[in-house]
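Text of model13.txt, listed as compact mmCIF, C-alpha atoms:
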# COMPACT_ATOMS: atom_id res chain seq x y z
CA MET A 1 279.93 175.77 -15.52
CA CYS A 2 282.22 174.78 -12.70
CA GLU A 3 285.77 176.06 -13.06
CA TYR A 4 287.78 173.15 -14.39
CA LEU A 5 290.06 171.41 -11.91
CA GLU A 6 293.30 170.24 -13.44
CA THR A 7 294.20 166.67 -12.59
CA LYS A 8 297.80 167.58 -11.82
CA THR A 9 297.82 167.93 -8.03
CA VAL A 10 300.42 168.06 -5.30
CA SER A 11 300.78 164.78 -3.41
CA ARG A 12 299.07 164.44 -0.04
CA ARG A 13 302.39 163.59 1.62
CA ARG A 14 304.14 166.66 0.24
CA PHE A 15 301.23 168.97 0.96
CA ALA A 16 300.84 167.67 4.50
CA THR A 17 304.57 168.25 5.10
CA ASN A 18 304.31 171.80 3.83
CA THR A 19 301.20 172.45 5.86
CA LEU A 20 303.04 171.56 9.07
CA LEU A 21 305.22 174.60 8.47
CA GLY A 22 302.15 176.74 8.93
CA VAL A 23 300.77 175.14 12.05
CA GLY A 24 301.32 178.37 13.94
CA ALA A 25 298.56 179.90 11.89
CA CYS A 26 296.04 177.95 13.95
CA LEU A 27 296.55 180.58 16.62
CA LEU A 28 295.03 183.11 14.24
CA ALA A 29 291.76 181.22 14.36
CA SER A 30 291.02 181.14 18.07
CA GLU A 31 287.53 182.54 17.58
CA TRP A 32 286.41 179.39 15.73
CA MET A 33 288.81 176.76 17.10
CA ASP A 34 286.84 176.21 20.30
CA GLN A 35 283.70 175.47 18.27
CA LEU A 36 285.21 172.47 16.49
CA LEU A 37 284.43 168.97 17.62
CA PRO A 38 287.36 167.14 19.23
CA VAL A 39 289.34 164.60 17.22
CA PRO A 40 287.83 161.16 17.91
CA SER A 41 290.22 158.99 19.93
CA GLY A 42 292.45 156.94 17.65
CA GLY A 43 291.07 158.61 14.54
CA THR A 44 293.11 160.84 12.28
CA GLY A 45 292.07 159.44 8.89
CA ARG A 46 289.99 161.25 6.30
CA MET A 47 286.88 159.06 6.62
CA PHE A 48 284.03 159.80 9.02
CA ALA A 49 282.10 157.28 11.07
CA ALA A 50 278.62 156.89 9.65
CA ALA A 51 276.88 157.68 12.94
CA GLU A 52 278.79 160.75 14.15
CA PRO A 53 280.82 163.69 12.84
CA GLY A 54 284.56 163.86 13.35
CA ARG A 55 287.36 166.39 13.29
CA TRP A 56 286.40 167.85 9.93
CA SER A 57 282.98 169.00 11.05
CA LYS A 58 281.23 171.87 12.73
CA GLU A 59 277.68 172.76 13.68
CA ALA A 60 275.94 173.95 10.54
CA MET A 61 274.71 177.47 9.99
CA PHE A 62 271.20 178.23 8.76
CA TYR A 63 269.00 175.36 9.86
CA SER A 64 265.90 174.84 11.97
CA LYS A 65 264.44 171.98 13.99
CA THR A 66 261.42 170.07 12.73
CA ALA A 67 259.22 167.36 14.17
CA ASN A 68 261.29 164.69 12.41
CA GLY A 69 264.75 166.21 12.61
CA PHE A 70 266.04 169.34 10.91
CA GLN A 71 265.53 171.49 7.87
CA CYS A 72 268.54 173.08 6.20
CA VAL A 73 267.64 176.58 5.00
CA LYS A 74 270.99 177.46 3.43
CA CYS A 75 269.88 176.84 -0.15
CA PRO A 76 266.55 176.50 -1.99
CA LYS A 77 266.67 172.71 -1.71
CA TYR A 78 265.39 173.07 1.89
CA CYS A 79 266.52 169.54 2.74
CA GLN A 80 264.66 167.71 5.50
CA LEU A 81 267.17 165.61 7.44
CA GLY A 82 266.40 162.73 9.74
CA PRO A 83 268.94 160.69 11.74
CA SER A 84 270.39 158.83 8.73
CA ASP A 85 270.17 161.56 6.08
CA THR A 86 273.06 163.56 4.59
CA GLY A 87 271.25 166.23 2.56
CA PHE A 88 271.27 166.83 -1.19
CA CYS A 89 274.82 168.25 -1.09
CA ARG A 90 276.00 165.09 0.71
CA ASN A 91 277.70 166.89 3.58
CA ARG A 92 275.05 167.59 6.22
CA MET A 93 274.24 165.15 9.03
CA THR A 94 272.38 165.13 12.32
CA TYR A 95 274.02 164.26 15.62
CA GLN A 96 272.85 164.60 19.22
CA GLY A 97 270.21 167.22 18.57
CA LYS A 98 272.15 169.37 16.10
CA LEU A 99 272.86 169.60 12.40
CA TYR A 100 276.52 169.39 11.36
CA THR A 101 278.52 170.02 8.23
CA VAL A 102 281.17 167.40 7.53
CA ALA A 103 282.82 169.65 4.95
CA TYR A 104 285.08 171.71 7.18
CA GLY A 105 288.85 171.90 6.89
CA ASN A 106 289.09 168.84 4.62
CA PRO A 107 289.65 170.12 1.07
CA CYS A 108 290.05 167.59 -1.72
CA ALA A 109 291.69 170.12 -4.05
CA VAL A 110 294.24 172.84 -3.30
CA HIS A 111 295.86 174.79 -6.16
CA ILE A 112 297.40 178.11 -7.05
CA ASP A 113 295.63 179.61 -10.07
CA PRO A 114 295.71 182.79 -12.12
CA ILE A 115 292.70 184.89 -11.23
CA GLU A 116 291.71 184.82 -14.91
CA LYS A 117 290.93 181.12 -14.57
CA LYS A 118 287.87 181.69 -12.36
CA PRO A 119 287.17 183.50 -14.78
CA LEU A 120 287.56 187.04 -13.40
CA TYR A 121 288.71 189.53 -16.04
CA HIS A 122 288.04 192.79 -14.20
CA PHE A 123 289.35 191.83 -10.77
CA ARG A 124 293.04 192.34 -10.03
CA PRO A 125 294.29 191.01 -13.39
CA GLY A 126 297.55 189.11 -13.40
CA THR A 127 297.31 188.12 -9.73
CA ARG A 128 297.09 184.62 -8.25
CA ALA A 129 294.46 182.88 -6.16
CA PHE A 130 295.02 180.16 -3.55
CA SER A 131 292.14 177.87 -4.53
CA VAL A 132 290.42 175.34 -2.27
CA ALA A 133 287.49 172.95 -2.70
CA VAL A 134 285.68 170.45 -0.52
CA ALA A 135 283.65 167.65 -2.13
CA GLY A 136 279.92 168.10 -2.63
CA CYS A 137 277.41 170.20 -4.57
CA ASN A 138 273.74 171.19 -4.38
CA PHE A 139 273.38 170.72 -8.16
CA ARG A 140 273.49 167.64 -10.41
CA CYS A 141 274.70 169.23 -13.64
CA LEU A 142 274.77 166.86 -16.60
CA ASN A 143 277.77 168.75 -17.97
CA CYS A 144 279.79 168.99 -14.75
CA GLN A 145 283.52 169.37 -15.41
CA ASN A 146 284.54 168.35 -11.89
CA TRP A 147 282.03 165.59 -11.25
CA GLN A 148 284.66 163.41 -9.56
CA ILE A 149 284.60 165.78 -6.56
CA SER A 150 281.28 167.59 -6.88
CA GLN A 151 279.17 164.44 -7.04
CA VAL A 152 280.62 162.71 -3.98
CA SER A 153 280.70 163.48 -0.27
CA PRO A 154 283.78 164.56 1.71
CA GLN A 155 283.72 161.06 3.18
CA GLN A 156 284.48 159.63 -0.27
CA SER A 157 287.12 162.07 -1.53
CA ASP A 158 290.87 162.08 -0.98
CA ASN A 159 291.39 165.02 1.37
CA VAL A 160 294.05 167.01 3.19
CA ASP A 161 293.69 168.50 6.67
CA LEU A 162 293.62 172.28 6.19
CA MET A 163 291.64 174.37 8.64
CA PRO A 164 290.90 178.08 8.00
CA GLY A 165 293.99 179.33 9.84
CA PRO A 166 296.43 177.23 7.80
CA VAL A 167 294.60 178.18 4.57
CA VAL A 168 295.33 181.83 5.31
CA ASN A 169 298.89 181.01 6.29
CA ARG A 170 299.53 178.98 3.12
CA CYS A 171 298.04 181.76 1.00
CA LEU A 172 300.40 184.30 2.57
CA GLU A 173 303.41 181.99 2.22
CA SER A 174 302.67 181.38 -1.46
CA GLY A 175 302.40 185.07 -2.26
CA CYS A 176 298.81 184.77 -3.49
CA GLU A 177 296.64 187.87 -3.26
CA SER A 178 293.31 186.02 -2.97
CA ILE A 179 291.70 182.87 -1.66
CA ALA A 180 289.25 181.30 -4.11
CA TYR A 181 286.47 178.94 -3.05
CA THR A 182 285.87 176.97 -6.21
CA TYR A 183 285.94 173.74 -8.28
CA SER A 184 283.07 171.91 -6.56
CA GLU A 185 280.40 174.18 -5.00
CA PRO A 186 281.36 176.51 -2.13
CA ILE A 187 277.74 176.80 -1.06
CA SER A 188 277.98 173.14 -0.01
CA PHE A 189 280.99 173.91 2.23
CA TYR A 190 279.55 177.25 3.37
CA GLU A 191 280.81 177.23 6.97
CA TYR A 192 284.39 176.55 5.87
CA VAL A 193 284.15 179.39 3.35
CA TYR A 194 282.61 181.76 5.89
CA ASP A 195 285.23 181.21 8.60
CA THR A 196 288.15 181.23 6.18
CA ALA A 197 286.93 184.36 4.38
CA LYS A 198 286.43 186.17 7.70
CA LEU A 199 289.97 185.32 8.77
CA ALA A 200 291.38 186.21 5.34
CA ARG A 201 289.75 189.64 5.49
CA LYS A 202 291.56 190.32 8.79
CA ASN A 203 294.83 189.47 7.03
CA ARG A 204 294.09 191.72 4.03
CA ILE A 205 293.60 188.80 1.66
CA THR A 206 290.76 189.14 -0.84
CA ASN A 207 288.11 186.42 -1.13
CA VAL A 208 286.80 185.04 -4.44
CA PHE A 209 283.60 183.00 -4.74
CA LYS A 210 283.08 180.75 -7.79
CA SER A 211 279.56 179.37 -7.49
CA ASN A 212 276.31 178.27 -9.09
CA GLY A 213 274.58 180.97 -7.02
CA TYR A 214 271.90 178.58 -5.76
CA ILE A 215 271.67 179.94 -2.23
CA ASN A 216 269.04 181.66 -0.12
CA GLU A 217 269.22 185.40 0.41
CA GLU A 218 270.05 185.50 4.13
CA PRO A 219 273.16 183.25 3.97
CA MET A 220 274.26 185.03 0.78
CA ARG A 221 274.07 188.42 2.48
CA ALA A 222 275.91 187.09 5.53
CA LEU A 223 278.77 185.75 3.40
CA SER A 224 278.85 188.79 1.11
CA GLN A 225 280.30 190.98 3.85
CA TYR A 226 283.56 189.01 3.52
CA LEU A 227 283.60 188.49 -0.26
CA ASP A 228 285.47 190.74 -2.67
CA ALA A 229 284.59 189.10 -5.99
CA ALA A 230 282.31 186.39 -7.35
CA ASN A 231 281.78 184.62 -10.63
CA ILE A 232 278.33 183.07 -10.81
CA ASP A 233 277.33 180.40 -13.31
CA LEU A 234 274.05 181.36 -14.94
CA LYS A 235 273.22 178.02 -16.54
CA CYS A 236 270.47 179.24 -18.84
CA PHE A 237 267.42 181.50 -18.80
CA ASP A 238 264.59 178.97 -18.74
CA ASP A 239 263.26 177.38 -15.57
CA ASP A 240 262.36 173.99 -17.07
CA LEU A 241 265.75 173.75 -18.73
CA TYR A 242 267.46 174.71 -15.47
CA ALA A 243 265.76 171.79 -13.74
CA LYS A 244 266.67 169.29 -16.47
CA LEU A 245 270.26 170.43 -16.80
CA SER A 246 271.21 171.03 -13.18
CA GLY A 247 268.38 170.10 -10.83
CA GLY A 248 267.96 173.73 -9.83
CA SER A 249 265.86 176.74 -10.81
CA LEU A 250 266.47 180.19 -12.24
CA ALA A 251 264.88 182.62 -9.76
CA PRO A 252 267.23 181.97 -6.80
CA VAL A 253 270.26 182.54 -9.03
CA GLN A 254 268.79 185.78 -10.33
CA GLN A 255 268.30 186.89 -6.73
CA THR A 256 271.90 186.01 -5.88
CA LEU A 257 273.13 188.20 -8.73
CA LYS A 258 271.08 191.11 -7.40
CA VAL A 259 272.28 190.59 -3.83
CA LEU A 260 275.96 190.45 -4.79
CA LYS A 261 275.56 193.63 -6.83
CA GLN A 262 273.76 195.37 -3.95
CA GLN A 263 276.38 194.27 -1.45
CA GLY A 264 279.23 195.73 -3.48
CA VAL A 265 280.88 192.40 -4.32
CA TRP A 266 282.61 192.60 -7.70
CA LEU A 267 280.51 190.34 -9.92
CA GLU A 268 281.12 188.49 -13.18
CA ILE A 269 278.79 185.97 -14.81
CA THR A 270 279.52 182.83 -16.83
CA ASN A 271 277.05 181.34 -19.27
CA LEU A 272 278.12 177.96 -20.65
CA VAL A 273 276.76 177.62 -24.19
CA ILE A 274 275.91 173.93 -24.66
CA PRO A 275 274.87 172.75 -28.14
CA SER A 276 271.16 171.77 -28.27
CA TRP A 277 270.73 172.78 -24.61
CA THR A 278 271.61 176.40 -23.89
CA ASP A 279 272.46 177.75 -27.34
CA ASN A 280 269.02 179.10 -28.17
CA LEU A 281 269.71 182.64 -29.34
CA ASP A 282 266.27 183.96 -28.33
CA MET A 283 266.89 182.71 -24.80
CA ILE A 284 270.33 184.30 -24.76
CA LYS A 285 268.80 187.63 -25.85
CA LYS A 286 266.19 187.36 -23.12
CA MET A 287 268.96 186.73 -20.57
CA CYS A 288 271.00 189.72 -21.74
CA ASP A 289 267.94 191.99 -21.78
CA TRP A 290 267.20 190.99 -18.17
CA MET A 291 270.78 191.77 -17.10
CA ALA A 292 270.74 195.16 -18.78
CA ALA A 293 267.41 195.99 -17.16
CA ASN A 294 268.65 194.97 -13.69
CA ASN A 295 271.72 197.18 -13.31
CA LEU A 296 274.10 194.51 -14.62
CA SER A 297 275.08 196.08 -17.93
CA GLU A 298 278.64 196.72 -16.70
CA THR A 299 278.97 193.19 -15.32
CA PRO A 300 281.38 191.10 -17.43
CA LEU A 301 279.53 188.23 -19.09
CA HIS A 302 281.57 185.21 -20.19
CA PHE A 303 280.05 183.05 -22.93
CA SER A 304 282.02 179.89 -22.35
CA ARG A 305 282.64 177.10 -24.85
CA PHE A 306 281.30 173.70 -23.85
CA THR A 307 283.65 170.70 -23.83
CA PRO A 308 281.96 167.26 -23.97
CA LEU A 309 282.17 165.71 -20.50
CA TYR A 310 280.32 163.62 -17.94
CA LYS A 311 276.71 162.90 -18.98
CA LEU A 312 276.82 165.11 -22.08
CA SER A 313 279.95 163.59 -23.56
CA GLN A 314 278.08 162.70 -26.77
CA LEU A 315 277.63 166.37 -27.71
CA PRO A 316 280.02 168.33 -29.91
CA LEU A 317 282.12 171.33 -28.92
CA THR A 318 280.27 174.62 -29.08
CA PRO A 319 280.86 176.21 -32.50
CA VAL A 320 282.93 179.36 -32.09
CA SER A 321 280.45 181.15 -34.36
CA THR A 322 277.69 180.53 -31.79
CA LEU A 323 279.78 182.16 -29.06
CA GLU A 324 280.52 185.11 -31.35
CA THR A 325 276.81 185.55 -32.09
CA ALA A 326 275.98 185.40 -28.38
CA ARG A 327 278.56 188.12 -27.73
CA GLU A 328 277.04 190.32 -30.44
CA ILE A 329 273.58 189.79 -28.94
CA ALA A 330 274.90 190.88 -25.55
CA LEU A 331 276.50 194.02 -27.00
CA SER A 332 273.24 194.89 -28.79
CA ALA A 333 271.34 194.46 -25.51
CA GLY A 334 273.59 197.01 -23.81
CA MET A 335 276.03 194.68 -22.08
CA LYS A 336 279.36 196.52 -22.11
CA TYR A 337 281.77 193.67 -21.44
CA PRO A 338 280.75 190.34 -22.97
CA TYR A 339 283.51 187.80 -23.60
CA VAL A 340 284.16 184.62 -25.55
CA GLY A 341 285.57 182.04 -23.15
CA ASN A 342 287.49 178.76 -23.52
CA VAL A 343 288.79 179.76 -26.95
CA PRO A 344 292.41 180.83 -26.31
CA GLY A 345 293.61 183.49 -28.72
CA HIS A 346 290.13 184.60 -29.78
CA PRO A 347 289.70 188.41 -29.96
CA GLY A 348 286.60 188.01 -27.81
CA GLU A 349 288.70 187.24 -24.74
CA ASN A 350 290.26 190.72 -24.84
CA THR A 351 288.83 193.74 -23.01
CA TYR A 352 287.72 196.73 -25.08
CA CYS A 353 286.90 200.13 -23.61
CA HIS A 354 283.13 200.61 -23.84
CA LYS A 355 283.63 204.25 -24.84
CA CYS A 356 286.47 204.42 -27.38
CA ARG A 357 286.34 200.67 -28.23
CA LYS A 358 290.13 200.34 -28.17
CA MET A 359 291.63 197.14 -26.79
CA ILE A 360 292.76 197.86 -23.23
CA ILE A 361 293.62 194.33 -22.03
CA GLU A 362 295.02 191.72 -24.39
CA ARG A 363 294.80 188.11 -23.23
CA ARG A 364 295.74 184.69 -24.45
CA GLY A 365 294.13 182.08 -22.26
CA PHE A 366 295.00 183.02 -18.70
CA ALA A 367 297.98 185.20 -19.67
CA ILE A 368 297.89 189.02 -19.78
CA LEU A 369 299.88 190.22 -22.80
CA ASN A 370 299.09 193.94 -22.57
CA ASN A 371 297.22 196.06 -20.03
CA HIS A 372 296.18 199.63 -20.77
CA VAL A 373 293.99 200.15 -17.71
CA VAL A 374 295.71 202.85 -15.67
CA LYS A 375 294.37 203.57 -12.19
CA GLY A 376 291.04 202.08 -13.25
CA ASN A 377 290.77 204.21 -16.41
CA CYS A 378 291.26 203.61 -20.13
CA GLU A 379 294.74 204.78 -21.01
CA PHE A 380 293.51 206.06 -24.39
CA CYS A 381 290.36 208.05 -23.60
CA GLY A 382 290.29 208.27 -19.80
CA GLN A 383 286.98 206.41 -19.43
CA LYS A 384 286.52 204.74 -16.03
CA ILE A 385 286.52 200.97 -16.54
CA PRO A 386 284.31 199.01 -14.10
CA GLY A 387 286.28 196.56 -11.99
CA VAL A 388 288.83 196.20 -9.21
CA TRP A 389 292.22 197.04 -10.64
CA SER A 390 294.54 197.17 -7.62
Rewrite the structure from the file as structure tokens, please.
Amino acid sequence: MCEYLETKTVSRRRFATNTLLGVGACLLASEWMDQLLPVPSGGTGRMFAAAEPGRWSKEAMFYSKTANGFQCVKCPKYCQLGPSDTGFCRNRMTYQGKLYTVAYGNPCAVHIDPIEKKPLYHFRPGTRAFSVAVAGCNFRCLNCQNWQISQVSPQQSDNVDLMPGPVVNRCLESGCESIAYTYSEPISFYEYVYDTAKLARKNRITNVFKSNGYINEEPMRALSQYLDAANIDLKCFDDDLYAKLSGGSLAPVQQTLKVLKQQGVWLEITNLVIPSWTDNLDMIKKMCDWMAANNLSETPLHFSRFTPLYKLSQLPLTPVSTLETAREIALSAGMKYPYVGNVPGHPGENTYCHKCRKMIIERRGFAILNNHVVKGNCEFCGQKIPGVWS
């Protein structure tokens, strides 16, 4: 499930005015500034010419030349791109012997969010994330919550000009502790994420990755060195169902989970429970058994309630009882921190110490009501609680 993007946004005029205050931050980014293509003469608008990239573009990472053009090797789609192709994620194009991304410095959504919204429950609770998204996605999820931006290209979205340096500057000005790459699919705007995360790390800002996890191992490992936390959507635990629901497959996402764990990135997982699609309890048990067997038993697992949207708008809301049963299955499988998500006020959104079982974080929606994690330990029994708490 993509993190839901609220429709209430700051106006482009106001945001552009505010961004000018941080223009000095461009100096922070000298190591990537000289790699950008020059602004086309007479062109400062958000749309790109069909035949060539513009200001909001950069040579892509992770591609190879082929007899007929290029092959993108960033994600398991392995798109073959000729002169007039844009790739499955809608933001790759060829130009003068190179492959370019046109999703660079042109976010269509910029927000300040509580970190709990990602959702991240064991990563710096109560802090805020400066969240950015560029249009595009390498999935075609029938249930997509943010289809207005994920299922279009950056050439079709309403964007603001915000290069990596100004993102860092705006994050610092706003008092946010993290930058979150979210809402659409950050894998599709990989180069923008990579450069921004690298610059954020130099400025002691943490980086949060909200993704479908459908990425090849090499680019995931390269990005992981600058990531501090990730929430990965595990759509289901059946390959055929994965293809029907999202246009992807299970194995690459499983590999991403393993890589993030190995690389020391704090990891949480979201499983959207969709009636008649992903609510099979045997499949949920199989998923939880796999996690427990693959060193993920301490990884928070969010069973999230489905809201009818996009191409599955005819379905009902997920019954709360189904989410509660899924959580019990996870606990029985050895998962220590399963949660019920998208049901504000439900006891299943609280954190309970896996040793003494006392409630150590009380939540209502995105708000923290009580926190009994002290220096990473349960205040009541002293048990170390997995997570990043400061």
Write out as a ChimeraX atom specification each polymer residue whose atoms come within 10 Å of A:Asn143, counting all atoms listed in the file; drop sequence neighbours fewer than 5 positions from it.
/A:1-2,245-246,272,274,306-313
A:Gly136 proximity check over A:Pro166, A:Gly248, A:Pro186, A:Pro114, using all atoms listed in the file: winner is A:Pro186
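The interatomic distance for the pair atom CA of A:Phe130 and atom CA of A:Val193 works out to 12.9 Å.
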Counting only C-alpha atoms, figure out which residue out of A:Pro76, A:Gly345, A:Ser64, A:Ile385 gets nearest to A:Leu369.
A:Gly345
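With distances taken over all atoms listed in the file, A:Gln383 is the one residue among A:Ser184, A:Asn371, A:Gln383, A:Asn271 lying closest to A:Lys355.
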Which of these, A:His111, A:His372, A:Glu379, A:Lys285, has the shortest distance to A:Ser174 once you count only C-alpha atoms?
A:His111
Report, in Å to a single decimal, how far apart atom CA of A:Leu172 and atom CA of A:Ile205 are.
8.2 Å
Find the residues near A:Met93: any atom within 12 Å, counting all atoms listed in the file, skip ones fewer than 6 places away on the same chain, and give them as a ChimeraX atom specification.
/A:48-54,57-60,63,69-72,79-87,99-103,153,155
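The spacing separating atom CA of A:Ala326 from atom CA of A:Asn138 amounts to 28.0 Å.
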Closest of A:Val340, A:Val168, A:Cys144, A:Ile215 to A:Tyr78 - atom-to-atom distances counting all atoms listed in the file
A:Ile215
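In this comparison, which uses only C-alpha atoms, the residue of A:Lys286, A:Lys358, A:Arg363, A:Lys74 approaching A:Asn216 most closely is A:Lys74.
Summary of the local environment: counting all atoms listed in the file, residues at most 10 Å from A:Asp289, other than itself and those fewer than 4 positions away along its chain, are Met283, Ile284, Lys285, Ala293, Asn294, Leu296, Ser297, Ile329, Ala330, Ser332, Ala333, Gly334 and Met335 of chain A.
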Could you put an axis-aligned box around every listed atom of stretch 265-282 of chain A, padded by 3 Å on each side, and send me its centre and edge lengths in Å to one decimal, as lines of an AutoDock Vina configuration file?
center_x = 274.4
center_y = 182.2
center_z = -16.8
size_x = 22.3
size_y = 26.8
size_z = 31.0
A:Ser321 surroundings by all atoms listed in the file, 12 Å radius, close-in-sequence under 5 positions cut, as JSON, numbers by chain
{"A": [273, 275, 279, 281, 303, 305, 326, 327, 328, 340, 343, 346, 348]}
Taking 6 positions as the minimum chain separation for residues in the same chain, which residues sit within 12 Å of A:Pro125 when counting all atoms listed in the file? Answer as a PDB file with C-alpha atoms, keeping the file's coordinate frame.
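As written to disk, selection_30.pdb reads:
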ATOM      1  CA  ASP A 113     295.630 179.610 -10.070  1.00  0.00           C
ATOM      2  CA  PRO A 114     295.710 182.790 -12.120  1.00  0.00           C
ATOM      3  CA  ILE A 115     292.700 184.890 -11.230  1.00  0.00           C
ATOM      4  CA  GLU A 116     291.710 184.820 -14.910  1.00  0.00           C
ATOM      5  CA  LYS A 117     290.930 181.120 -14.570  1.00  0.00           C
ATOM      6  CA  LYS A 118     287.870 181.690 -12.360  1.00  0.00           C
ATOM      7  CA  PRO A 119     287.170 183.500 -14.780  1.00  0.00           C
ATOM      8  CA  GLU A 177     296.640 187.870  -3.260  1.00  0.00           C
ATOM      9  CA  SER A 178     293.310 186.020  -2.970  1.00  0.00           C
ATOM     10  CA  THR A 351     288.830 193.740 -23.010  1.00  0.00           C
ATOM     11  CA  ILE A 361     293.620 194.330 -22.030  1.00  0.00           C
ATOM     12  CA  GLU A 362     295.020 191.720 -24.390  1.00  0.00           C
ATOM     13  CA  ARG A 363     294.800 188.110 -23.230  1.00  0.00           C
ATOM     14  CA  PHE A 366     295.000 183.020 -18.700  1.00  0.00           C
ATOM     15  CA  ALA A 367     297.980 185.200 -19.670  1.00  0.00           C
ATOM     16  CA  ILE A 368     297.890 189.020 -19.780  1.00  0.00           C
ATOM     17  CA  LEU A 369     299.880 190.220 -22.800  1.00  0.00           C
ATOM     18  CA  ASN A 370     299.090 193.940 -22.570  1.00  0.00           C
ATOM     19  CA  ASN A 371     297.220 196.060 -20.030  1.00  0.00           C
ATOM     20  CA  HIS A 372     296.180 199.630 -20.770  1.00  0.00           C
ATOM     21  CA  VAL A 373     293.990 200.150 -17.710  1.00  0.00           C
ATOM     22  CA  GLY A 376     291.040 202.080 -13.250  1.00  0.00           C
ATOM     23  CA  GLY A 387     286.280 196.560 -11.990  1.00  0.00           C
ATOM     24  CA  VAL A 388     288.830 196.200  -9.210  1.00  0.00           C
ATOM     25  CA  TRP A 389     292.220 197.040 -10.640  1.00  0.00           C
ATOM     26  CA  SER A 390     294.540 197.170  -7.620  1.00  0.00           C
TER      27      SER A 390
END
